[in-house]
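Enquirer: I am attaching a structure below and will ask some questions about it afterwards.
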Amino acid sequence: MPRRVAIVSTGQTKHRAKRLDVNIRELITEAVTRALEDADMSMKDIDAVMIGNMEPFEGFLFPELWAVEGWGGYLKPSVKFNTGGTVGTTTAIAAYYYVASGIYDVVLAIGFEKQSEGHTQTAITTVGDPIWERAIMAGAVGNFAVMASTYIHESGVTEEQAAKVAVKARRNACNNEYAHLQMPDITVEDVLKSRMLAYPVKLLDMCPQSDGACAVIFAEESRAKKLAVHPAWIKAVATAHEQQYMGDSPKRLAVMRSQIAASRRAYAYAGITNPRKELDVAEIYEVASFAELAMYENLGFCERGEGGKLIDAGVTEMTGELPVNPSGGVLSTNPIGATALIRVAEAALQVMGKAGKHQIDGVRTALATGYGGNAWTDVMILSRDL
Amino acid sequence: MEEWVVHQRIKIPFMYTAGRALTRFLDGLARGEIWATRCASCSRIYVPPLSFCGRCWRVIDEWRQLPPMGELMSYTLVRYPLPEHPDRSPLILGLIQLDGADTNLVHFIGDVAPSEVESVTRVRAVWRDERPASIFAISHFAPIT
Amino acid sequence: MTKKDDETQRVQYLLDIEYHYAAGELATRFFTELKEAGRIMGMRCPECQRVYLPPRPVCGICFRELEDWVPVSDEGVIVGCTVVHLPFIDPMTGEQRPVPYGFAIIRLDGASTSIYHFVDETDEKKLRVGQRVKAVFREQRTGSLHHDIKYFRLVGE
């Protein structure tokens, strides 16, 4: 049996398009210092460090190497992760495994990215296979655009419904002091009229590129109870991979095989049979407005083809039955190596009752997801109850 | 059937942000000065300077100017050219501990024949006339005789 | 470089890596067929009968070794499409990639999986999922998927 594990504290930087005031090392230290202060801990209390980042977005390999004393790695056991968009959740899940297994009692997970240093779409294009995909890939934007067209075809979802997701995210972000894109006055019309990047994805349908870092501390049961008033207990973790090539999955976004597999595995482990009723909040890795609607379907929040109706009915708004991304989500903040870990941190904040102005009342169970690479999915379920 | 090998390249421009402490160091180099920071907890003097001591986990805000000279701790002879390196062959790369510092700087060693470098113990910075805000404000380090 | 008060020095540099990618035995056969005969070949799984394109040694679903090569059609159907307007630096050249271009996920007749390719259409109103397309080959072929097949063109319905 795995040991019981909880998140006891989190820390984030102020995320911005360009953090020109700090270098990579200083950016990471900012998030880690906040996480330690949040639980009144010192670096001496940390047994091991898991660090995640997406090379080569900063243009050189091992950016964490230049920063090692800035993230607490000096003479500590540490592991580096690089799994695309999922890197933050992979890092969190690794931290969970280390504590659950009994190898370490307190583990720090870190994700960071300084997107302003490079060219994100260019770097993402190198993810494409050099002989089968790279010559045509156009970063994440191009991929999400072709996938969105499949999803529109399958579900009948409209550009207006997708725009509502983009509006929800940027308005929610106004209540999150760390969020990058805060747009209190954004309208559906603004999204629809924004510059076309790759049909049907317009500028405001897409996540931004951010500089930022996030740190999350995991502890075993007895430490967790001492370190946090209300620790966020981890009820389930799951990961699933797609096949090798971008064109292998027959319906991509519309039927996300990895997300269906990972979420159903996690729900079963956590004893959840009706996610829409039993989850109180979800922090999902939505990347593009269309993707969030598709993910409602694939995560089982609604029936297939009903994603658009869910946003129309306000179910996923702050005041709805199942709020999705009260933090503003990836559409508001996207330092890629940190992004999925921010989902975990935000889900934990909701469970711990520490989300401040974007807190949802009475959260007991929260979902966090990561999505990246060639359609990989990570899932984590957190609970207020041991 | 001939084996298929695809010849390609990855070419992406980048921009590294130096941060506050390194910026003060680089701006100092442009004026012909070498600045270090000192951790108030462990007393370590860092050059290039750090804004945060990871070993003590505390902010560093004490600055010290160091003399442009120190000890040659180690060196190597680079006998193959790299695009980043100026056209000097063979190239002598030195590990230099400036007087007062606890860390080492890497720089070129010049004004000495490769066959003579083994006897060098003390070196000083040779500044360029036109100094950029970069480590290349120093042309190289030369033996102190 | 000038900087504002709250900004720090920035240093520009270029990541430029040359590499030689060994495509492997299966891709070698695929590209030899493409170059010499203008033929597109897939591989069939003996268990689930899926025809994989690109070819690969193992069916990831059945975990069975693939050995049977089967020709697939140069015609197929669009399963996802877009027109890329976004300007970005192409990592293969270090220069801006010319935009706009039509980009589709295409399932060729006889294949179970799809490939990414260009479509000769940059008006998004004229592109839709379900449309039929046909490969347009170059006369001078070099053994490259995105060169030897210049693009796919829309075919009448």
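Letters A, B, ... go to the chains of the structure tokens in the order shown; residues in each chain start at 1; ligands are counted from 1 in the same order.
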Could you list the residues in chain A lying within 7 Å of chain C, using only C-alpha atoms, and format the result as a VMD selection string?
Expert: chain A and resid 20 to 21 59 121 to 122 126 132 to 133 135 to 136 142 145 to 147 149 to 150 153 196 to 199 243 247 to 248 250
Enquirer: Taking only C-alpha atoms into account, what are the residues of chain A at most 10 Å from chain B, put as a ChimeraX atom specification?
Expert: /A:18-27,29,33,42-44,56-60,67-75,114-120,122-123,126,130-131
Enquirer: Export C-alpha atoms of the chosen residues as a compact mmCIF listing (two decimals), in the first residue's frame?
Expert:
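Printed below is part-v8.txt as written:
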# COMPACT_ATOMS: atom_id res chain seq x y z
CA LYS A 18 8.75 38.96 -20.10
CA ARG A 19 10.39 38.82 -16.70
CA LEU A 20 13.38 40.91 -17.72
CA ASP A 21 14.16 41.74 -14.07
CA VAL A 22 15.40 38.23 -13.27
CA ASN A 23 17.40 35.43 -14.85
CA ILE A 24 16.25 31.80 -14.89
CA ARG A 25 17.86 31.00 -11.56
CA GLU A 26 16.35 34.04 -9.81
CA LEU A 27 12.93 33.27 -11.29
CA THR A 29 14.20 30.97 -6.42
CA THR A 33 11.04 30.80 -1.54
CA SER A 42 13.48 25.94 5.32
CA MET A 43 15.45 24.21 2.56
CA LYS A 44 16.84 21.88 5.25
CA PRO A 56 15.00 23.77 -25.66
CA PHE A 57 12.62 26.67 -25.02
CA GLU A 58 15.45 28.64 -23.39
CA GLY A 59 17.81 27.64 -26.19
CA PHE A 60 20.30 25.57 -24.28
CA ALA A 67 20.47 27.39 -11.53
CA VAL A 68 21.05 24.43 -9.24
CA GLU A 69 21.80 26.38 -6.06
CA GLY A 70 18.81 28.58 -6.82
CA TRP A 71 16.38 25.69 -6.57
CA GLY A 72 17.89 23.88 -3.60
CA GLY A 73 19.53 21.10 -5.55
CA TYR A 74 23.00 21.44 -3.98
CA LEU A 75 23.93 17.98 -2.60
CA LYS A 114 11.29 31.58 -19.47
CA GLN A 115 9.47 31.75 -22.78
CA SER A 116 10.65 35.28 -23.51
CA GLU A 117 14.16 33.99 -24.15
CA GLY A 118 13.29 32.00 -27.25
CA HIS A 119 10.69 31.35 -29.92
CA THR A 120 8.04 29.03 -28.53
CA THR A 122 9.75 27.36 -33.33
CA ALA A 123 10.88 25.19 -30.43
CA THR A 126 11.16 20.67 -33.34
CA PRO A 130 12.13 15.25 -38.54
CA ILE A 131 11.02 13.22 -41.58
Enquirer: Between C:Glu139, C:Glu67, C:Glu47, C:Glu95, which has the minimum distance to chain B (counting only C-alpha atoms)?
Expert: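 For chain B, the nearest of the given residues is C:Glu95.
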Enquirer: Name the residues of segment 2-141 of chain C that fall into alpha helix (DSSP H) according to DSSP on the backbone, using the chain letters and numbers of this document, as a PDB file with C-alpha atoms, in the first residue's frame.
Expert:
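And here is the file that came out, result-v4.pdb:
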ATOM      1  CA  GLU C  25      15.239   0.358 -42.141  1.00  0.00           C
ATOM      2  CA  LEU C  26      11.481   0.848 -42.570  1.00  0.00           C
ATOM      3  CA  ALA C  27      11.679   4.524 -43.527  1.00  0.00           C
ATOM      4  CA  THR C  28      14.490   3.650 -45.950  1.00  0.00           C
ATOM      5  CA  ARG C  29      12.172   1.224 -47.712  1.00  0.00           C
ATOM      6  CA  PHE C  30       9.286   3.728 -47.619  1.00  0.00           C
ATOM      7  CA  PHE C  31      11.360   6.554 -49.106  1.00  0.00           C
ATOM      8  CA  THR C  32      12.963   4.319 -51.720  1.00  0.00           C
ATOM      9  CA  GLU C  33       9.467   3.323 -52.944  1.00  0.00           C
ATOM     10  CA  LEU C  34       8.336   6.944 -52.845  1.00  0.00           C
ATOM     11  CA  LYS C  35      11.369   8.220 -54.747  1.00  0.00           C
ATOM     12  CA  GLU C  36      11.684   5.481 -57.339  1.00  0.00           C
ATOM     13  CA  ALA C  37       8.093   4.425 -57.946  1.00  0.00           C
TER      14      ALA C  37
END
Enquirer: If we count only C-alpha atoms, what is near segment 329-332 of chain A at a cut-off of 8 Å, once residues fewer than 4 positions away on the same chain are taken out, given as a PyMOL selection string?
Expert: chain A and resi 166+169-170+173+179-182+205-208+283-289+325+339+343
Enquirer: Just the residues within 8 Å of Ala137 of chain B, please, counting only C-alpha atoms, with nothing from its chain fewer than 4 positions along; format it as a PDB file with N, CA and C atoms, in the first residue's frame.
Expert:
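Here's the written file result-v2.pdb:
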ATOM      1  N   LEU B  29      32.115  45.629 -15.729  1.00  0.00           N
ATOM      2  CA  LEU B  29      33.171  45.254 -16.681  1.00  0.00           C
ATOM      3  C   LEU B  29      33.340  46.332 -17.753  1.00  0.00           C
ATOM      4  N   ALA B  30      32.233  46.935 -18.166  1.00  0.00           N
ATOM      5  CA  ALA B  30      32.297  47.986 -19.187  1.00  0.00           C
ATOM      6  C   ALA B  30      33.083  49.197 -18.672  1.00  0.00           C
ATOM      7  N   GLY B  32      35.619  48.766 -16.564  1.00  0.00           N
ATOM      8  CA  GLY B  32      36.934  48.262 -16.157  1.00  0.00           C
ATOM      9  C   GLY B  32      36.980  47.857 -14.698  1.00  0.00           C
ATOM     10  N   TRP B 127      42.615  44.546 -20.163  1.00  0.00           N
ATOM     11  CA  TRP B 127      41.335  45.111 -20.612  1.00  0.00           C
ATOM     12  C   TRP B 127      41.412  45.531 -22.068  1.00  0.00           C
ATOM     13  N   ARG B 128      40.278  45.428 -22.729  1.00  0.00           N
ATOM     14  CA  ARG B 128      40.195  45.963 -24.097  1.00  0.00           C
ATOM     15  C   ARG B 128      40.067  47.485 -24.030  1.00  0.00           C
ATOM     16  N   GLU B 130      38.068  49.280 -26.091  1.00  0.00           N
ATOM     17  CA  GLU B 130      36.616  49.456 -26.189  1.00  0.00           C
ATOM     18  C   GLU B 130      36.002  48.305 -25.400  1.00  0.00           C
ATOM     19  N   ARG B 131      35.367  48.659 -24.252  1.00  0.00           N
ATOM     20  CA  ARG B 131      34.890  47.576 -23.393  1.00  0.00           C
ATOM     21  C   ARG B 131      33.376  47.389 -23.510  1.00  0.00           C
ATOM     22  N   PRO B 132      32.933  46.234 -24.004  1.00  0.00           N
ATOM     23  CA  PRO B 132      31.491  45.953 -23.993  1.00  0.00           C
ATOM     24  C   PRO B 132      31.054  45.539 -22.581  1.00  0.00           C
ATOM     25  N   ALA B 133      29.744  45.567 -22.307  1.00  0.00           N
ATOM     26  CA  ALA B 133      29.242  45.075 -21.022  1.00  0.00           C
ATOM     27  C   ALA B 133      29.156  43.559 -21.102  1.00  0.00           C
TER      28      ALA B 133
END
Enquirer: Leaving out segment 94-100 of chain B and any residue of its chain fewer than 4 positions from it, which residues lie within 12 Å of it when counting only C-alpha atoms, given as an mmCIF file with N, CA and C atoms, in the first residue's frame?
Expert:
data_model
loop_
_atom_site.group_PDB
_atom_site.id
_atom_site.type_symbol
_atom_site.label_atom_id
_atom_site.label_comp_id
_atom_site.auth_asym_id
_atom_site.auth_seq_id
_atom_site.Cartn_x
_atom_site.Cartn_y
_atom_site.Cartn_z
ATOM 1 N N ILE B 34 35.671 44.920 -11.602
ATOM 2 C CA ILE B 34 35.150 43.567 -11.381
ATOM 3 C C ILE B 34 34.435 43.555 -10.033
ATOM 4 N N TRP B 35 33.147 43.261 -10.066
ATOM 5 C CA TRP B 35 32.316 43.283 -8.856
ATOM 6 C C TRP B 35 31.873 41.874 -8.462
ATOM 7 N N ALA B 36 31.911 41.632 -7.168
ATOM 8 C CA ALA B 36 31.511 40.334 -6.621
ATOM 9 C C ALA B 36 30.453 40.572 -5.539
ATOM 10 N N THR B 37 29.780 39.497 -5.120
ATOM 11 C CA THR B 37 28.882 39.623 -3.962
ATOM 12 C C THR B 37 29.360 38.689 -2.854
ATOM 13 N N ARG B 38 28.999 39.066 -1.619
ATOM 14 C CA ARG B 38 29.422 38.289 -0.454
ATOM 15 C C ARG B 38 28.182 37.872 0.342
ATOM 16 N N SER B 43 29.866 33.886 4.269
ATOM 17 C CA SER B 43 31.005 34.759 3.922
ATOM 18 C C SER B 43 31.643 34.436 2.568
ATOM 19 N N ARG B 44 31.037 33.525 1.806
ATOM 20 C CA ARG B 44 31.585 33.194 0.493
ATOM 21 C C ARG B 44 31.488 34.415 -0.428
ATOM 22 N N ILE B 45 32.561 34.660 -1.157
ATOM 23 C CA ILE B 45 32.541 35.760 -2.128
ATOM 24 C C ILE B 45 32.431 35.165 -3.524
ATOM 25 N N TYR B 46 31.308 35.513 -4.179
ATOM 26 C CA TYR B 46 30.981 34.932 -5.484
ATOM 27 C C TYR B 46 31.344 35.874 -6.625
ATOM 28 N N VAL B 47 32.110 35.381 -7.578
ATOM 29 C CA VAL B 47 32.325 36.099 -8.828
ATOM 30 C C VAL B 47 32.379 35.077 -9.948
ATOM 31 N N PRO B 48 31.516 35.164 -10.954
ATOM 32 C CA PRO B 48 30.459 36.156 -11.142
ATOM 33 C C PRO B 48 29.512 36.188 -9.946
ATOM 34 N N ARG B 64 31.274 43.739 -3.299
ATOM 35 C CA ARG B 64 32.708 43.983 -3.116
ATOM 36 C C ARG B 64 33.359 44.140 -4.491
ATOM 37 N N GLN B 65 34.214 45.155 -4.612
ATOM 38 C CA GLN B 65 34.995 45.236 -5.849
ATOM 39 C C GLN B 65 36.268 44.416 -5.653
ATOM 40 N N LEU B 66 36.602 43.603 -6.632
ATOM 41 C CA LEU B 66 37.802 42.762 -6.533
ATOM 42 C C LEU B 66 38.908 43.323 -7.421
ATOM 43 N N PRO B 67 40.171 43.111 -7.025
ATOM 44 C CA PRO B 67 41.263 43.538 -7.900
ATOM 45 C C PRO B 67 41.295 42.656 -9.148
ATOM 46 N N PRO B 68 41.731 43.211 -10.282
ATOM 47 C CA PRO B 68 41.693 42.434 -11.535
ATOM 48 C C PRO B 68 42.871 41.466 -11.637
ATOM 49 N N MET B 69 43.152 40.785 -10.578
ATOM 50 C CA MET B 69 44.278 39.838 -10.610
ATOM 51 C C MET B 69 44.011 38.688 -9.637
ATOM 52 N N GLY B 70 44.719 37.611 -9.871
ATOM 53 C CA GLY B 70 44.512 36.462 -9.003
ATOM 54 C C GLY B 70 45.417 35.316 -9.383
ATOM 55 N N GLU B 71 45.020 34.140 -8.943
ATOM 56 C CA GLU B 71 45.853 32.958 -9.115
ATOM 57 C C GLU B 71 45.320 32.094 -10.259
ATOM 58 N N LEU B 72 46.237 31.582 -11.072
ATOM 59 C CA LEU B 72 45.828 30.638 -12.120
ATOM 60 C C LEU B 72 45.739 29.253 -11.478
ATOM 61 N N MET B 73 44.534 28.788 -11.278
ATOM 62 C CA MET B 73 44.334 27.528 -10.558
ATOM 63 C C MET B 73 44.601 26.322 -11.459
ATOM 64 N N SER B 74 44.220 26.465 -12.722
ATOM 65 C CA SER B 74 44.367 25.363 -13.666
ATOM 66 C C SER B 74 44.246 25.916 -15.080
ATOM 67 N N TYR B 75 44.634 25.148 -16.057
ATOM 68 C CA TYR B 75 44.492 25.602 -17.452
ATOM 69 C C TYR B 75 44.373 24.396 -18.354
ATOM 70 N N THR B 76 43.953 24.660 -19.586
ATOM 71 C CA THR B 76 43.983 23.614 -20.605
ATOM 72 C C THR B 76 44.342 24.234 -21.944
ATOM 73 N N LEU B 77 44.941 23.439 -22.788
ATOM 74 C CA LEU B 77 45.264 23.904 -24.140
ATOM 75 C C LEU B 77 44.207 23.340 -25.086
ATOM 76 N N VAL B 78 43.504 24.241 -25.779
ATOM 77 C CA VAL B 78 42.492 23.787 -26.735
ATOM 78 C C VAL B 78 43.128 23.806 -28.109
ATOM 79 N N ASN B 104 35.818 30.542 -8.994
ATOM 80 C CA ASN B 104 36.760 30.729 -10.099
ATOM 81 C C ASN B 104 36.065 31.276 -11.336
ATOM 82 N N LEU B 105 36.815 32.045 -12.114
ATOM 83 C CA LEU B 105 36.360 32.547 -13.409
ATOM 84 C C LEU B 105 37.098 31.777 -14.502
ATOM 85 N N VAL B 106 36.420 31.565 -15.623
ATOM 86 C CA VAL B 106 37.094 30.974 -16.783
ATOM 87 C C VAL B 106 37.407 32.107 -17.756
ATOM 88 N N HIS B 107 38.630 32.156 -18.239
ATOM 89 C CA HIS B 107 38.957 33.148 -19.275
ATOM 90 C C HIS B 107 40.161 32.667 -20.082
ATOM 91 N N PHE B 108 40.464 33.422 -21.144
ATOM 92 C CA PHE B 108 41.643 33.091 -21.962
ATOM 93 C C PHE B 108 42.908 33.515 -21.220
ATOM 94 N N ILE B 109 43.963 32.750 -21.392
ATOM 95 C CA ILE B 109 45.279 33.140 -20.888
ATOM 96 C C ILE B 109 46.120 33.517 -22.110
ATOM 97 N N GLY B 110 46.727 34.717 -22.068
ATOM 98 C CA GLY B 110 47.506 35.188 -23.217
ATOM 99 C C GLY B 110 48.860 35.723 -22.799
ATOM 100 N N PRO B 114 52.306 28.591 -25.111
ATOM 101 C CA PRO B 114 51.704 27.385 -24.517
ATOM 102 C C PRO B 114 52.721 26.538 -23.751
ATOM 103 N N VAL B 117 53.210 28.043 -20.104
ATOM 104 C CA VAL B 117 52.071 28.343 -19.227
ATOM 105 C C VAL B 117 52.119 27.556 -17.908
ATOM 106 N N GLU B 118 52.774 26.428 -17.932
ATOM 107 C CA GLU B 118 52.807 25.588 -16.742
ATOM 108 C C GLU B 118 53.474 26.291 -15.554
ATOM 109 N N VAL B 120 53.240 29.492 -14.892
ATOM 110 C CA VAL B 120 52.510 30.717 -14.505
ATOM 111 C C VAL B 120 51.711 30.466 -13.222
ATOM 112 N N THR B 121 51.819 31.363 -12.235
ATOM 113 C CA THR B 121 51.015 31.222 -11.018
ATOM 114 C C THR B 121 50.060 32.402 -10.850
ATOM 115 N N ARG B 122 50.547 33.629 -11.097
ATOM 116 C CA ARG B 122 49.716 34.823 -10.909
ATOM 117 C C ARG B 122 49.374 35.431 -12.269
ATOM 118 N N VAL B 123 48.104 35.893 -12.401
ATOM 119 C CA VAL B 123 47.690 36.517 -13.665
ATOM 120 C C VAL B 123 46.915 37.799 -13.384
ATOM 121 N N ARG B 124 46.885 38.694 -14.390
ATOM 122 C CA ARG B 124 46.102 39.938 -14.263
ATOM 123 C C ARG B 124 45.260 40.110 -15.522
ATOM 124 N N ALA B 125 44.151 40.830 -15.363
ATOM 125 C CA ALA B 125 43.254 41.074 -16.495
ATOM 126 C C ALA B 125 43.890 42.075 -17.448
ATOM 127 N N HIS B 140 41.970 39.116 -22.116
ATOM 128 C CA HIS B 140 42.523 37.849 -21.622
ATOM 129 C C HIS B 140 43.216 38.136 -20.293
ATOM 130 N N PHE B 141 43.718 37.127 -19.667
ATOM 131 C CA PHE B 141 44.540 37.296 -18.470
ATOM 132 C C PHE B 141 45.985 36.995 -18.861
ATOM 133 N N ALA B 142 46.912 37.818 -18.328
ATOM 134 C CA ALA B 142 48.329 37.671 -18.685
ATOM 135 C C ALA B 142 49.139 37.390 -17.423
ATOM 136 N N PRO B 143 50.259 36.698 -17.568
ATOM 137 C CA PRO B 143 51.089 36.394 -16.394
ATOM 138 C C PRO B 143 51.618 37.673 -15.742
#
Enquirer: Would you give me, as a PyMOL selection string, the residues in chain B that DSSP reads as strand (DSSP E)?
Expert: chain B and resi 5-17+34-38+45-46+52-53+58-59+62-66+69-78+91-98+105-108+122-127+138-143
Enquirer: How many Å lie between atom CA of Phe301 of chain A and atom CA of Asn274 of chain A, rounded to one decimal?
Expert: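 Value for the atom CA of Phe301 of chain A-atom CA of Asn274 of chain A distance: 8.1 Å.
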Enquirer: Rank nothing, just name the residue among B:Val112, B:Asp27, B:Ala101, B:Arg79 nearest to Ile135 of chain B, using only C-alpha atoms.
Expert: B:Asp27
Enquirer: Give me, please, the distance in Å between atom CA of Asp105 of chain A and atom CA of Asp385 of chain A, quoted to one decimal.
Expert: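 Separation between atom CA of Asp105 of chain A and atom CA of Asp385 of chain A: 19.8 Å.
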Enquirer: Under the rule that only C-alpha atoms are counted, which of B:Ile144, B:Ala40, B:Pro49, B:Pro83 is the nearest residue to chain C?
Expert: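 Ranked by minimum distance to chain C, first place goes to B:Pro83.
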Enquirer: Choose the residue, out of C:Arg39, C:His20, C:Arg44, C:Lys150, that has the smallest atom-to-atom separation from chain B; count only C-alpha atoms.
Expert: C:His20
Enquirer: Of the residues C:Pro46, C:Asp109, C:Thr142, C:Val133, which is the one nearest to chain B, using only C-alpha atoms?
Expert: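 Comparing C:Pro46, C:Asp109, C:Thr142, C:Val133 against chain B, the winner is C:Thr142.
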Enquirer: Point out the residue among B:Glu33, B:Glu116, B:Glu2, B:Asp129 with the least atom-to-atom distance to chain C, counting only C-alpha atoms.
Expert: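 Of the candidates, the smallest distance to chain C is held by B:Glu2.
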